[in-house]
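One structure below.
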Amino acid sequence: SCGVLFSSWVVAWLGALGAGALATSWWMSARNLAGISVHRQLPAELFADRTRSGCFFLDNTTSHCRWDITIREEDDGDAVAHIERATANQCTEVSASWSFAQRGRRELRQVALRSQWPMGLVEAKRNVPLPAEILVYPNPRYRGKPEWVDDAIDGSINQVREGHDGDFLGLRPYRAGDALRSIHWRTSARAGEPMVVQRSSYSGGQRVVRVPLSSGKEWEAALARATGAILDGFSRGYRVGLELPGRRFPLGSGTRWRRHLLDEVANAPFRGDEW
């Protein structure tokens, strides 16, 4: 009986020790998430089924470092970032990538901060409200010009150029021979490679993108091709117009007009197979 009592005491002692270790681990992990705030910088433009880079900022307002913290979008976008060390009283920037499966308006409500530091036994979690409403453009597809895209060339087409002059068209990886002044340094730091700003001005050409009425997958495919046609037209320096069923947008140029046309395509109503 003495042996049984001793064994029971050992089991109870080990159980209490384990419970204490778990409680201590959770307390330290939760404390590791205290005194910090987070905000995000989303990519300038988001396209369905395409991964785009942005970043999170973790602001540690305490006098102690924070360790091994994971930031994750809780609603949509699949963005995850990990910070090994957040310096005391400093803001730490970490790259992240967002991807959305479908075009249209999306609502982001909160991110989750997670930590298993220092023991790795228990994960503490803290939800941080971070509301944002975003617009996801259709995945641009432009393999050959559809018959419902009309071009008229009134003059010579200017080449897409890099640098600080002309309308902003986008970014591309640096190539040998590019001017250093054309590099967008902030985006390059997030992407991990030099990225060059592409700009263009009106070339004398024009393009009207007329999206035919359809439904289901055919409708979504037409919107994807329209997005590609709009982007291609602006990259060539054209003035671009758009016609959706029941709506017409005149020819225009410039970054704002480009964004406006993309917004209209992304906000086009969803038409089911039975429409």
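Ordered as shown in the structure tokens, chains take letters A, B, and onward, while each chain numbers its residues from 1 and ligands are numbered from 1 in the order shown.
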TODO: Can you pull out every residue within 10 Å of Phe57 of chain A, counting only C-alpha atoms, but drop anything in the same chain fewer than 5 positions away, and send it as a PyMOL selection string?
DONE: chain A and resi 37-41+71+91-95
Neighbouring residues of segment 64-66 of chain A were defined as those with any atom within 7 Å, considering only C-alpha atoms; residues of the same chain fewer than 6 positions away were excluded. Please report them as a PDB file with N, CA and C atoms, in the first residue's frame.
ATOM      1  N   ASN A  32       3.896  38.382 -23.840  1.00  0.00           N
ATOM      2  CA  ASN A  32       4.706  38.730 -25.003  1.00  0.00           C
ATOM      3  C   ASN A  32       3.898  39.500 -26.048  1.00  0.00           C
ATOM      4  N   ARG A  85      11.984  39.301 -33.800  1.00  0.00           N
ATOM      5  CA  ARG A  85      12.352  40.210 -32.709  1.00  0.00           C
ATOM      6  C   ARG A  85      11.793  41.599 -32.983  1.00  0.00           C
ATOM      7  N   ALA A  86      10.966  42.091 -32.076  1.00  0.00           N
ATOM      8  CA  ALA A  86      10.439  43.449 -32.155  1.00  0.00           C
ATOM      9  C   ALA A  86      11.148  44.291 -31.105  1.00  0.00           C
ATOM     10  N   THR A  87      11.992  45.194 -31.544  1.00  0.00           N
ATOM     11  CA  THR A  87      12.802  46.006 -30.642  1.00  0.00           C
ATOM     12  C   THR A  87      11.931  46.909 -29.781  1.00  0.00           C
ATOM     13  N   ALA A  88      12.362  47.103 -28.527  1.00  0.00           N
ATOM     14  CA  ALA A  88      11.623  47.949 -27.589  1.00  0.00           C
ATOM     15  C   ALA A  88      11.503  49.374 -28.120  1.00  0.00           C
TER      16      ALA A  88
END
Open item on the list: My list of candidates is A:Ala23, A:Val211, A:Ile36, A:Val128. Which is closest to Glu243 of chain A when distances are computed with only C-alpha atoms?
Closed with: A:Val211
Open item on the list: From a backbone DSSP assignment, name each residue in segment 36-269 of chain A labelled strand (DSSP E), as a VMD selection string.
Closed with: chain A and resid 36 to 41 52 to 60 66 to 73 80 to 86 90 to 98 104 to 115 124 to 136 149 to 153 161 to 162 167 to 173 195 to 200 205 to 210 239 to 244 247 to 252
Open item on the list: Residues within 9 Å of Ser214 of chain A, please, as a ChimeraX atom specification. Count only C-alpha atoms; anything in the same chain fewer than 4 positions from it doesn't count.
Closed with: /A:218-220,222,271,275
